[in-house]
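Here the structure comes first, spelled out in structure tokens, and everything after it is commentary.
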Amino acid sequence: MVLAEYDYKRYDRQLLMKSVGLEGQAKLKDARVFVAGAGGIGSPALAYLASAGVGTLRFADDGYVELSNLNRQILHYENNLEESKIDSALEKLRQMNSTINYEPIAETITDENAAELARGCNCIVDALDNLLAKQALNLASLQLRIPLMHASVEGMEARIATFIPGQTACLRCLYPSLSACTKFPVLGAAPAFAASVQVMEVVKFLTGKGKLLAGKMLRFNAENAEVEIIEIARDPLCSACFGARA
């Protein structure tokens with residue numbers, strides 16, 4: 001896709017980067033990314049993907065804005081209380097970058113619809129807080145053979161990993177046991193950090209430049225000022241990704 005004069009001005013600082021440049025920016029403009037969730041992780045992820053110039057952003061969420069969301073879900077304001085998160089997010093995103101093609105979907109993500117929601121996209125950004133729904137994204141990633149940029153947070157800790165079907169372990173290898181969503185503590189800056197790393201993973205993947213967290217997890221514990229990279233081993237008995245292995 002050819003860049004317009006507007007793109008040269010808007011993305012001037014990115015065009016200066018060797019890892020992006022004209023070719024990379026054109027790839028971003030031509031890309032389609034599915035963001036699962038428009039909450040604590042999804043809000044900053046969508047904002048930075050839109051700001052970076054990713055051409056089409058499809059995002060799904062079935063929730064409504066609540067007061068307790070506002071410590072971390074930065075696309076939603078006090079005047080959006082009880083409003084659909086999809087509508088609230090879309091309003092802000094259009095103000096951030098009106099040239100992006102937005103595809104909001106007000107649906108609950110399940111095993112039955114996850115692959116269809118992500119179909120046609122280059123990669124999936126996991127911005128959910130429920131392991132059952134995250135595993136649905138994992139299955140969609142494996143079925144469509146597109147990367148899954150995973151993130152999870154708790155308190156002041158963020159964990160980010162990139163799973164590539166046929167090349168790395170999958171989310172089920174990392175979390176073989178399934179569990180329902182429970183309420184957990186979180187400081188708003190933790191999902192913002194996680195989302196920022198996810199977006200950088202997306203940009204690296206789309207441009208083909210840089211080293212991905214492929215099969216690795218970045219764990220950042222801000223409370224203890226600890227950072228570590230953890231290798232994620234494939235589970236030889238994994239029921240999810242065994243058939244997708246190269």
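Identifiers in the structure tokens: chain A, B, ... in order shown; residue index from 1 per chain; ligand index from 1 in order shown.
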| field | Nearby residues (only C-alpha atoms) at most 10 Å from Ser19 in chain A, same-chain spacing under 2 positions excluded, as a ChimeraX atom specification | value | /A:14-17,21-25,203-204,207-210
| Neighbour list for Tyr102 in chain A as a ChimeraX atom specification, cut-off 7 Å, only C-alpha atoms, skip fewer than 3 positions in-chain | /A:56-58
| query | DSSP says alpha helix (DSSP H) for which residues of range 26-125 of chain A? Put them as a VMD selection string? | reply | chain A and resid 26 to 30 42 to 52 85 to 96 114 to 118
Selection export as a JSON list (two decimals), in the first residue's frame, atoms kept: C-alpha atoms:
```
[["chain", "number", "residue", "atom", "x", "y", "z"],
["A", 26, "ALA", "CA", 3.35, 0.74, 4.34],
["A", 27, "LYS", "CA", 3.11, -2.79, 5.79],
["A", 28, "LEU", "CA", 1.47, -1.40, 8.93],
["A", 29, "LYS", "CA", -1.03, 0.53, 6.82],
["A", 30, "ASP", "CA", -1.92, -2.64, 4.92],
["A", 42, "GLY", "CA", -7.15, -3.61, 25.17],
["A", 43, "SER", "CA", -7.52, 0.14, 25.73],
["A", 44, "PRO", "CA", -3.80, 1.03, 25.52],
["A", 45, "ALA", "CA", -3.17, -1.66, 22.91],
["A", 46, "LEU", "CA", -5.83, -0.22, 20.62],
["A", 47, "ALA", "CA", -4.64, 3.33, 21.25],
["A", 48, "TYR", "CA", -1.02, 2.55, 20.37],
["A", 49, "LEU", "CA", -1.91, 0.38, 17.37],
["A", 50, "ALA", "CA", -4.07, 3.20, 16.02],
["A", 51, "SER", "CA", -1.35, 5.75, 16.75],
["A", 52, "ALA", "CA", 1.20, 3.57, 14.93],
["A", 85, "LYS", "CA", -17.18, -0.53, 25.75],
["A", 86, "ILE", "CA", -17.16, -0.97, 21.98],
["A", 87, "ASP", "CA", -18.94, 2.36, 21.42],
["A", 88, "SER", "CA", -16.86, 4.15, 24.05],
["A", 89, "ALA", "CA", -13.59, 2.87, 22.60],
["A", 90, "LEU", "CA", -14.59, 3.62, 19.02],
["A", 91, "GLU", "CA", -15.38, 7.23, 19.88],
["A", 92, "LYS", "CA", -11.89, 7.86, 21.30],
["A", 93, "LEU", "CA", -10.06, 5.88, 18.62],
["A", 94, "ARG", "CA", -11.67, 7.87, 15.82],
["A", 95, "GLN", "CA", -10.47, 11.05, 17.49],
["A", 96, "MET", "CA", -6.94, 9.61, 17.81],
["A", 114, "ALA", "CA", -12.99, -16.87, 18.11],
["A", 115, "ALA", "CA", -11.57, -18.10, 14.80],
["A", 116, "GLU", "CA", -14.26, -16.37, 12.78],
["A", 117, "LEU", "CA", -13.72, -13.10, 14.67],
["A", 118, "ALA", "CA", -10.00, -13.18, 13.85]]
```
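Residues in contact with Gly39 in chain A at up to 8 Å, not including ones fewer than 3 positions away on its chain and judged by only C-alpha atoms, are Gly42, Ser43, Asn69, Arg72, Gln73, Ile74, Leu75, Lys85, Ala127 and Leu128 of chain A.
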Expected file contents, prior selection, C-alpha atoms, as an mmCIF file, in the first residue's frame:
```
data_model
loop_
_atom_site.group_PDB
_atom_site.id
_atom_site.type_symbol
_atom_site.label_atom_id
_atom_site.label_comp_id
_atom_site.auth_asym_id
_atom_site.auth_seq_id
_atom_site.Cartn_x
_atom_site.Cartn_y
_atom_site.Cartn_z
ATOM 1 C CA GLY A 42 -7.147 -3.613 25.174
ATOM 2 C CA SER A 43 -7.519 0.136 25.728
ATOM 3 C CA ASN A 69 -12.980 -0.021 35.203
ATOM 4 C CA ARG A 72 -6.984 1.084 34.145
ATOM 5 C CA GLN A 73 -9.264 1.165 31.066
ATOM 6 C CA ILE A 74 -8.010 4.424 29.593
ATOM 7 C CA LEU A 75 -10.342 4.587 26.567
ATOM 8 C CA LYS A 85 -17.178 -0.528 25.749
ATOM 9 C CA ALA A 127 -6.341 -8.402 25.881
ATOM 10 C CA LEU A 128 -8.681 -10.602 27.914
#
```
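Restricting the calculation to only C-alpha atoms, the smallest distance between Ile232 in chain A and any of A:Lys211, A:Thr182, A:Arg219, A:Cys170 is found for A:Cys170.
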| request: Would you list the contacts of Met217 in chain A as a PyMOL selection string, taking every protein, DNA or RNA residue within 12 Å and counting only C-alpha atoms, but skipping same-chain residues closer than 2 positions in sequence? | output: chain A and resi 149-152+158-163+168-171+174+194+197-198+201+212-215+219-220+227-233
Residues from the last selection, N, CA and C atoms, saved as a short mmCIF file (atom, residue, chain, number, x, y, z; two decimals), in the first residue's frame:
```
data_model
loop_
_atom_site.label_atom_id
_atom_site.label_comp_id
_atom_site.auth_asym_id
_atom_site.auth_seq_id
_atom_site.Cartn_x
_atom_site.Cartn_y
_atom_site.Cartn_z
N MET A 149 -0.35 -12.68 20.39
CA MET A 149 0.42 -11.88 21.33
C MET A 149 -0.34 -11.88 22.65
N HIS A 150 0.15 -12.64 23.60
CA HIS A 150 -0.53 -12.87 24.88
C HIS A 150 -0.03 -11.91 25.95
N ALA A 151 -0.92 -11.51 26.85
CA ALA A 151 -0.52 -10.72 28.01
C ALA A 151 -1.45 -11.03 29.17
N SER A 152 -0.91 -10.95 30.38
CA SER A 152 -1.72 -11.07 31.59
C SER A 152 -1.09 -10.19 32.65
N ALA A 158 3.36 -7.76 35.11
CA ALA A 158 2.88 -7.99 33.75
C ALA A 158 3.66 -9.12 33.12
N ARG A 159 2.98 -9.95 32.34
CA ARG A 159 3.62 -11.07 31.64
C ARG A 159 3.18 -11.03 30.18
N ILE A 160 4.15 -11.08 29.29
CA ILE A 160 3.87 -10.98 27.86
C ILE A 160 4.60 -12.08 27.12
N ALA A 161 3.93 -12.72 26.16
CA ALA A 161 4.56 -13.78 25.36
C ALA A 161 3.95 -13.76 23.97
N THR A 162 4.75 -14.22 22.99
CA THR A 162 4.26 -14.35 21.62
C THR A 162 4.31 -15.81 21.22
N PHE A 163 3.16 -16.32 20.77
CA PHE A 163 3.06 -17.71 20.35
C PHE A 163 2.85 -17.76 18.84
N THR A 168 6.45 -22.41 17.92
CA THR A 168 6.66 -22.30 19.36
C THR A 168 5.61 -23.11 20.13
N ALA A 169 5.79 -23.12 21.43
CA ALA A 169 4.74 -23.64 22.31
C ALA A 169 3.49 -22.78 22.12
N CYS A 170 2.38 -23.23 22.65
CA CYS A 170 1.14 -22.45 22.60
C CYS A 170 0.70 -22.11 24.02
N LEU A 171 -0.36 -21.36 24.12
CA LEU A 171 -0.84 -20.94 25.44
C LEU A 171 -1.26 -22.12 26.30
N LEU A 174 1.58 -23.54 28.14
CA LEU A 174 1.94 -22.73 29.30
C LEU A 174 0.96 -22.92 30.44
N ALA A 194 2.00 -3.94 29.77
CA ALA A 194 1.82 -5.17 29.00
C ALA A 194 1.38 -4.88 27.58
N VAL A 197 4.19 -3.53 25.30
CA VAL A 197 5.08 -4.58 24.80
C VAL A 197 4.39 -5.39 23.71
N GLN A 198 3.11 -5.68 23.90
CA GLN A 198 2.36 -6.40 22.87
C GLN A 198 2.37 -5.64 21.55
N GLU A 201 5.55 -5.99 19.82
CA GLU A 201 5.62 -7.32 19.20
C GLU A 201 4.84 -7.35 17.89
N LEU A 212 11.38 -11.23 18.02
CA LEU A 212 10.13 -11.42 18.75
C LEU A 212 10.35 -12.21 20.05
N LEU A 213 9.39 -12.08 20.97
CA LEU A 213 9.35 -12.91 22.17
C LEU A 213 8.73 -14.26 21.81
N ALA A 214 9.24 -14.87 20.76
CA ALA A 214 8.67 -16.11 20.26
C ALA A 214 9.02 -17.26 21.19
N GLY A 215 8.00 -17.87 21.79
CA GLY A 215 8.24 -18.97 22.71
C GLY A 215 8.88 -18.54 24.01
N ARG A 219 8.54 -11.30 31.93
CA ARG A 219 7.85 -11.09 33.20
C ARG A 219 8.46 -9.86 33.87
N PHE A 220 7.63 -8.86 34.13
CA PHE A 220 8.08 -7.63 34.77
C PHE A 220 7.31 -7.45 36.07
N VAL A 227 12.95 -8.05 36.32
CA VAL A 227 12.63 -8.38 34.94
C VAL A 227 13.29 -9.71 34.61
N GLU A 228 12.54 -10.63 34.01
CA GLU A 228 13.14 -11.88 33.59
C GLU A 228 12.50 -12.37 32.30
N ILE A 229 13.28 -13.12 31.52
CA ILE A 229 12.78 -13.76 30.31
C ILE A 229 12.73 -15.25 30.57
N ILE A 230 11.56 -15.85 30.39
CA ILE A 230 11.35 -17.25 30.70
C ILE A 230 11.09 -18.03 29.40
N GLU A 231 11.86 -19.08 29.16
CA GLU A 231 11.63 -19.94 28.01
C GLU A 231 10.36 -20.77 28.24
N ILE A 232 9.51 -20.85 27.24
CA ILE A 232 8.28 -21.63 27.35
C ILE A 232 8.45 -22.91 26.55
N ALA A 233 8.52 -24.01 27.23
CA ALA A 233 8.75 -25.30 26.57
C ALA A 233 7.45 -25.84 25.98
#
```
| said: For a test of reading the model, state the distance in Å between CA of Ile109 in chain A and CA of Val202 in chain A, rounded to one decimal. | reply: 20.7 Å
| remark: Shortest contact to Ala189 in chain A, candidates A:Pro104, A:Gly40, A:Gly120, A:Pro165, atoms counted only C-alpha atoms, goes to A:Gly40
| Just asking: which residues within range 93-141 of chain A are strand (DSSP E or B) according to DSSP, as a list in words? | Asn101, Tyr102, Glu103, Pro104, Ile105, Cys123, Ile124, Val125 and Asp126 of chain A
| So which residues touch range 79-84 of chain A within 9 Å, counting only C-alpha atoms, skipping near sequence neighbours fewer than 5 positions away, as a list in words? | Asp61, Asp62, Gly63, Tyr64, Val65, Glu66, Leu67, Ala89 and Ala106 of chain A
Those residues with N, CA and C atoms, as an mmCIF file, in the first residue's frame please?
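Now in again-v2.cif:
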```cif
data_model
loop_
_atom_site.group_PDB
_atom_site.id
_atom_site.type_symbol
_atom_site.label_atom_id
_atom_site.label_comp_id
_atom_site.auth_asym_id
_atom_site.auth_seq_id
_atom_site.Cartn_x
_atom_site.Cartn_y
_atom_site.Cartn_z
ATOM 1 N N ASP A 61 -15.615 -6.904 22.230
ATOM 2 C CA ASP A 61 -15.871 -6.841 23.672
ATOM 3 C C ASP A 61 -17.375 -6.798 23.854
ATOM 4 N N ASP A 62 -17.875 -7.496 24.861
ATOM 5 C CA ASP A 62 -19.319 -7.507 25.093
ATOM 6 C C ASP A 62 -19.705 -6.740 26.363
ATOM 7 N N GLY A 63 -18.733 -6.036 26.957
ATOM 8 C CA GLY A 63 -18.969 -5.393 28.245
ATOM 9 C C GLY A 63 -19.479 -3.967 28.159
ATOM 10 N N TYR A 64 -19.830 -3.448 29.337
ATOM 11 C CA TYR A 64 -20.274 -2.063 29.485
ATOM 12 C C TYR A 64 -19.372 -1.374 30.507
ATOM 13 N N VAL A 65 -19.190 -0.092 30.336
ATOM 14 C CA VAL A 65 -18.268 0.651 31.184
ATOM 15 C C VAL A 65 -18.824 0.773 32.599
ATOM 16 N N GLU A 66 -17.997 0.386 33.585
ATOM 17 C CA GLU A 66 -18.352 0.493 34.988
ATOM 18 C C GLU A 66 -17.345 1.389 35.696
ATOM 19 N N LEU A 67 -17.749 1.957 36.797
ATOM 20 C CA LEU A 67 -16.874 2.866 37.545
ATOM 21 C C LEU A 67 -15.578 2.187 37.944
ATOM 22 N N ALA A 89 -14.926 2.967 23.180
ATOM 23 C CA ALA A 89 -13.586 2.868 22.602
ATOM 24 C C ALA A 89 -13.544 3.455 21.197
ATOM 25 N N ALA A 106 -19.465 -6.327 19.076
ATOM 26 C CA ALA A 106 -20.000 -6.488 20.428
ATOM 27 C C ALA A 106 -20.405 -7.946 20.634
#
```
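Here CA of Asn130 in chain A is placed at a distance of 9.8 Å from CA of Lys183 in chain A.
Separating CA of Lys18 in chain A from CA of Asn101 in chain A is a distance of 25.9 Å.
The smallest atom-to-atom distance between Ile105 in chain A and any of A:Ala60, A:Ala195, A:Cys241, A:Leu187, using only C-alpha atoms, is found for A:Ala60.
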